[in-house]
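Q: Handing you a structure now.
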Amino acid sequence: AAAQALEQSWVSSKDLLVTFGEPMSVHLAGLRLKRAIGMPWIAHFSDPWADNPHRRIPVLRQLNKGLEAEVVDAADRLIFTSDETLELVMRKYPPRMATKSRVLPHSFDPMMYGSANAGHDGIVVRYLGNFYGRRKPDPLIKAVQQLYREQPDLLQNVRIEFVGGIRRAPTSLLDGLPPTLIRFLPPVDYRTSLTLMESADLLLVIDAPFEESVFLPSKLIEYIGAQRPIFAITPPGTSAKVVSKVGGLVAHPEHIEDVAGKLAESIKRVRMPQSEQESHRMLRQAFAAPVVASRFDSIINEVLSNAPATMG
């Protein structure tokens, strides 16, 4: 991509370059263009790179550490989606490097919501997204097993749906549960996913059982845009803080007793809805695309103001 951009003169020193990773290889293309042309460059990290806990092969982690260091050194601004990600990544570098780091969260587009949704009977609890690595549906299913043993009436007319990719569904964990209680459904396109969010009664976040989670899933921000109640099965960290601030409940994926209790409380809240607090509404608006775009404009203007006077 970088070679083609140079050959075709798609970019010049009068341009501002912004690269968005994942995949992080896009930053290597940005690095090549920066070295060849010298234009101002913003590198956006949606996830950690060398420090990503999902990548556990030591030799690859070491190789990525070297590549990341080259990008961090050459870029004019580094954007991370959470304070926790910024701190995790930048603690390896001298303090002067942190001065060019900024936090910019994911956003949702208010114009993409408001679909006409068919009604449904009972309560629909829905997870949208893929399962991979250590992120599994198991904690939620084990919690449901416990609730079905101890409070079967609570799960009357409740339907739980996992919508997305999974390598192998844990069907053995479903033994003894009503066949209509939990369903695994295939991935859907983006617009359909937003419609499914809006039509759910309760939305689920499920993260891997790390000691801390620095990730801010874009799906969580889309949940917030859908204005539905949220229950997060996640370790302490970014997602837990955001969900708590918008009034949702949080439980650690390794504490099944707590997951069951918080799931029960979330279902009870759905059956007896409360009015939204003003603080929750204000936080939701902070993730709206126009607000985040304005913050991104400010970062761009920072870079341009430090660029040579020949900049257009």
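Residues in the structure tokens are numbered from 1 in each chain, the chains being A, B, ... in the order shown, and ligands are numbered from 1 in the order shown.
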Within stretch 117-220 of chain A, find each residue whose DSSP state, derived from the backbone, is alpha helix (DSSP H), and express the selection as a list in words.
A: Asp138, Pro139, Leu140, Ile141, Lys142, Ala143, Val144, Gln145, Gln146, Leu147, Tyr148, Arg149, Glu150, Tyr190, Arg191, Thr192, Ser193, Leu194, Thr195, Leu196, Met197, Glu198, Ser199, Ser218, Lys219 and Leu220 of chain A
Q: Can you spit out the residues from that selection as a compact mmCIF listing (two decimals), in the first residue's frame, using N, CA and C atoms?
A:
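The result, stored in again.txt:
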```
# COMPACT_ATOMS: atom_id res chain seq x y z
N ASP A 138 -18.92 -18.92 28.27
CA ASP A 138 -19.05 -19.85 29.39
C ASP A 138 -19.50 -19.20 30.70
N PRO A 139 -18.93 -18.05 31.10
CA PRO A 139 -19.36 -17.49 32.39
C PRO A 139 -20.86 -17.18 32.43
N LEU A 140 -21.38 -16.67 31.33
CA LEU A 140 -22.81 -16.34 31.30
C LEU A 140 -23.65 -17.62 31.35
N ILE A 141 -23.25 -18.64 30.61
CA ILE A 141 -24.03 -19.88 30.58
C ILE A 141 -24.00 -20.57 31.95
N LYS A 142 -22.83 -20.57 32.60
CA LYS A 142 -22.74 -21.17 33.94
C LYS A 142 -23.62 -20.42 34.93
N ALA A 143 -23.67 -19.09 34.78
CA ALA A 143 -24.53 -18.29 35.66
C ALA A 143 -26.00 -18.62 35.41
N VAL A 144 -26.37 -18.82 34.15
CA VAL A 144 -27.75 -19.19 33.82
C VAL A 144 -28.09 -20.55 34.41
N GLN A 145 -27.14 -21.48 34.34
CA GLN A 145 -27.36 -22.80 34.95
C GLN A 145 -27.67 -22.65 36.43
N GLN A 146 -26.92 -21.78 37.11
CA GLN A 146 -27.14 -21.58 38.54
C GLN A 146 -28.51 -20.97 38.79
N LEU A 147 -28.87 -19.96 38.02
CA LEU A 147 -30.17 -19.31 38.19
C LEU A 147 -31.31 -20.28 37.90
N TYR A 148 -31.12 -21.15 36.91
CA TYR A 148 -32.18 -22.09 36.55
C TYR A 148 -32.41 -23.11 37.67
N ARG A 149 -31.32 -23.43 38.39
CA ARG A 149 -31.45 -24.35 39.53
C ARG A 149 -32.11 -23.65 40.72
N GLU A 150 -31.72 -22.39 40.96
CA GLU A 150 -32.11 -21.71 42.20
C GLU A 150 -33.33 -20.81 42.04
N TYR A 190 -23.59 -4.93 9.71
CA TYR A 190 -23.51 -3.87 10.71
C TYR A 190 -24.87 -3.24 11.01
N ARG A 191 -25.62 -2.88 9.99
CA ARG A 191 -26.91 -2.24 10.22
C ARG A 191 -27.87 -3.18 10.96
N THR A 192 -27.84 -4.45 10.61
CA THR A 192 -28.69 -5.40 11.31
C THR A 192 -28.29 -5.51 12.77
N SER A 193 -26.97 -5.44 13.03
CA SER A 193 -26.51 -5.52 14.42
C SER A 193 -27.06 -4.36 15.24
N LEU A 194 -27.13 -3.17 14.66
CA LEU A 194 -27.68 -2.03 15.38
C LEU A 194 -29.16 -2.22 15.67
N THR A 195 -29.88 -2.78 14.69
CA THR A 195 -31.30 -3.05 14.88
C THR A 195 -31.51 -4.07 16.01
N LEU A 196 -30.66 -5.10 16.04
CA LEU A 196 -30.77 -6.11 17.09
C LEU A 196 -30.44 -5.53 18.46
N MET A 197 -29.53 -4.57 18.49
CA MET A 197 -29.23 -3.90 19.77
C MET A 197 -30.45 -3.14 20.27
N GLU A 198 -31.06 -2.37 19.37
CA GLU A 198 -32.21 -1.55 19.76
C GLU A 198 -33.40 -2.39 20.19
N SER A 199 -33.56 -3.58 19.61
CA SER A 199 -34.73 -4.40 19.91
C SER A 199 -34.53 -5.31 21.12
N SER A 218 -15.64 -1.29 20.55
CA SER A 218 -16.53 -0.41 19.78
C SER A 218 -17.98 -0.85 19.93
N LYS A 219 -18.18 -2.17 20.13
CA LYS A 219 -19.54 -2.69 20.29
C LYS A 219 -20.19 -2.11 21.54
N LEU A 220 -19.42 -1.88 22.60
CA LEU A 220 -19.98 -1.29 23.81
C LEU A 220 -20.49 0.11 23.54
```
Q: Find the residues near A:Leu88: any atom within 9 Å, counting only C-alpha atoms, skip ones fewer than 4 places away on the same chain, and give them as number ranges by chain.
A: A: 48, 51, 83-84, 92, 214
Q: Neighbouring residues of A:His120 were defined as those with any atom within 10 Å, considering only C-alpha atoms; residues of the same chain fewer than 3 positions away were excluded. Please report them as a PyMOL selection string.
A: chain A and resi 117+123-124+199-201
Q: Using DSSP on the backbone, list every residue of stretch 23-241 of chain A that comes out as strand (DSSP E), and give them as a short mmCIF file (atom, residue, chain, number, x, y, z; two decimals) with N, CA, C and O atoms, in the first residue's frame.
A:
```
data_model
loop_
_atom_site.label_atom_id
_atom_site.label_comp_id
_atom_site.auth_asym_id
_atom_site.auth_seq_id
_atom_site.Cartn_x
_atom_site.Cartn_y
_atom_site.Cartn_z
N TRP A 41 1.87 13.14 10.80
CA TRP A 41 1.31 11.79 10.87
C TRP A 41 0.67 11.54 12.23
O TRP A 41 1.29 11.75 13.27
N ILE A 42 -0.59 11.06 12.21
CA ILE A 42 -1.31 10.63 13.41
C ILE A 42 -1.53 9.13 13.32
O ILE A 42 -2.08 8.65 12.33
N ALA A 43 -1.09 8.39 14.34
CA ALA A 43 -1.29 6.94 14.38
C ALA A 43 -2.33 6.61 15.44
O ALA A 43 -2.15 6.94 16.62
N HIS A 44 -3.42 5.98 15.04
CA HIS A 44 -4.55 5.67 15.92
C HIS A 44 -4.52 4.18 16.28
O HIS A 44 -4.51 3.31 15.40
N PHE A 45 -4.53 3.88 17.57
CA PHE A 45 -4.49 2.49 18.05
C PHE A 45 -5.84 2.14 18.67
O PHE A 45 -6.19 2.64 19.74
N ARG A 77 1.44 12.35 16.52
CA ARG A 77 0.46 12.14 17.57
C ARG A 77 0.09 10.66 17.60
O ARG A 77 0.02 10.00 16.56
N LEU A 78 -0.16 10.16 18.81
CA LEU A 78 -0.61 8.80 19.03
C LEU A 78 -1.97 8.86 19.70
O LEU A 78 -2.13 9.53 20.73
N ILE A 79 -2.96 8.19 19.14
CA ILE A 79 -4.31 8.21 19.69
C ILE A 79 -4.66 6.82 20.21
O ILE A 79 -4.47 5.81 19.53
N PHE A 80 -5.17 6.78 21.45
CA PHE A 80 -5.64 5.54 22.07
C PHE A 80 -7.10 5.72 22.47
O PHE A 80 -7.57 6.83 22.68
N SER A 101 0.68 11.75 23.11
CA SER A 101 -0.40 10.77 23.17
C SER A 101 -1.71 11.44 23.56
O SER A 101 -1.73 12.33 24.40
N ARG A 102 -2.80 10.98 22.96
CA ARG A 102 -4.12 11.51 23.25
C ARG A 102 -5.12 10.35 23.37
O ARG A 102 -4.90 9.28 22.81
N VAL A 103 -6.21 10.59 24.09
CA VAL A 103 -7.28 9.61 24.22
C VAL A 103 -8.49 10.07 23.42
O VAL A 103 -8.95 11.21 23.58
N ILE A 123 -38.55 -11.34 27.54
CA ILE A 123 -37.33 -10.53 27.64
C ILE A 123 -36.24 -11.15 26.77
O ILE A 123 -35.93 -12.35 26.88
N VAL A 124 -35.65 -10.34 25.92
CA VAL A 124 -34.54 -10.78 25.06
C VAL A 124 -33.24 -10.19 25.59
O VAL A 124 -33.09 -8.97 25.67
N VAL A 125 -32.32 -11.07 25.98
CA VAL A 125 -30.98 -10.69 26.42
C VAL A 125 -30.04 -11.03 25.27
O VAL A 125 -30.03 -12.18 24.81
N ARG A 126 -29.26 -10.07 24.81
CA ARG A 126 -28.53 -10.29 23.56
C ARG A 126 -27.07 -9.87 23.67
O ARG A 126 -26.75 -8.81 24.19
N TYR A 127 -26.20 -10.73 23.15
CA TYR A 127 -24.77 -10.42 22.98
C TYR A 127 -24.48 -10.37 21.49
O TYR A 127 -24.86 -11.28 20.76
N LEU A 128 -23.81 -9.31 21.04
CA LEU A 128 -23.41 -9.21 19.63
C LEU A 128 -21.90 -9.09 19.55
O LEU A 128 -21.30 -8.23 20.21
N VAL A 158 -37.66 -15.59 29.29
CA VAL A 158 -36.38 -14.96 28.98
C VAL A 158 -35.72 -15.74 27.85
O VAL A 158 -35.70 -16.99 27.87
N ARG A 159 -35.17 -15.04 26.88
CA ARG A 159 -34.44 -15.65 25.78
C ARG A 159 -33.08 -14.98 25.67
O ARG A 159 -32.99 -13.75 25.59
N ILE A 160 -32.01 -15.77 25.67
CA ILE A 160 -30.65 -15.24 25.59
C ILE A 160 -30.07 -15.63 24.23
O ILE A 160 -30.07 -16.81 23.86
N GLU A 161 -29.56 -14.63 23.50
CA GLU A 161 -29.04 -14.86 22.16
C GLU A 161 -27.59 -14.39 22.06
O GLU A 161 -27.28 -13.26 22.44
N PHE A 162 -26.72 -15.26 21.55
CA PHE A 162 -25.36 -14.90 21.20
C PHE A 162 -25.29 -14.77 19.68
O PHE A 162 -25.42 -15.76 18.96
N VAL A 163 -25.12 -13.56 19.20
CA VAL A 163 -25.12 -13.29 17.76
C VAL A 163 -23.69 -12.97 17.33
O VAL A 163 -23.13 -11.94 17.70
N ILE A 182 -31.32 -20.43 25.52
CA ILE A 182 -30.06 -19.89 24.97
C ILE A 182 -29.92 -20.34 23.53
O ILE A 182 -30.04 -21.53 23.22
N ARG A 183 -29.63 -19.37 22.66
CA ARG A 183 -29.45 -19.69 21.24
C ARG A 183 -28.17 -19.04 20.73
O ARG A 183 -27.82 -17.91 21.12
N PHE A 184 -27.47 -19.76 19.85
CA PHE A 184 -26.31 -19.22 19.15
C PHE A 184 -26.72 -18.92 17.71
O PHE A 184 -27.21 -19.81 17.00
N LEU A 185 -26.53 -17.68 17.29
CA LEU A 185 -26.95 -17.25 15.96
C LEU A 185 -25.74 -16.76 15.17
O LEU A 185 -24.77 -16.24 15.75
N LEU A 202 -31.98 -6.29 27.10
CA LEU A 202 -30.75 -6.21 27.88
C LEU A 202 -29.60 -6.63 26.97
O LEU A 202 -29.70 -7.64 26.27
N LEU A 203 -28.52 -5.85 26.97
CA LEU A 203 -27.36 -6.14 26.13
C LEU A 203 -26.19 -6.61 26.99
O LEU A 203 -25.96 -6.10 28.09
N LEU A 204 -25.43 -7.57 26.45
CA LEU A 204 -24.34 -8.19 27.19
C LEU A 204 -22.98 -7.78 26.63
O LEU A 204 -22.77 -7.76 25.42
N VAL A 205 -22.07 -7.48 27.55
CA VAL A 205 -20.65 -7.36 27.24
C VAL A 205 -19.97 -8.55 27.90
O VAL A 205 -20.20 -8.81 29.08
N ILE A 206 -19.15 -9.27 27.16
CA ILE A 206 -18.41 -10.40 27.74
C ILE A 206 -16.95 -10.27 27.32
O ILE A 206 -16.65 -10.26 26.13
N ILE A 230 -27.40 -2.39 29.99
CA ILE A 230 -26.20 -3.18 29.70
C ILE A 230 -25.76 -3.93 30.95
O ILE A 230 -25.76 -3.38 32.05
N PHE A 231 -25.37 -5.18 30.77
CA PHE A 231 -24.73 -5.97 31.82
C PHE A 231 -23.40 -6.44 31.28
O PHE A 231 -23.34 -7.06 30.21
N ALA A 232 -22.32 -6.14 31.99
CA ALA A 232 -20.98 -6.46 31.52
C ALA A 232 -20.33 -7.53 32.39
O ALA A 232 -20.26 -7.38 33.62
N ILE A 233 -19.87 -8.59 31.76
CA ILE A 233 -19.08 -9.62 32.42
C ILE A 233 -17.64 -9.33 32.02
O ILE A 233 -17.17 -9.74 30.94
#
```
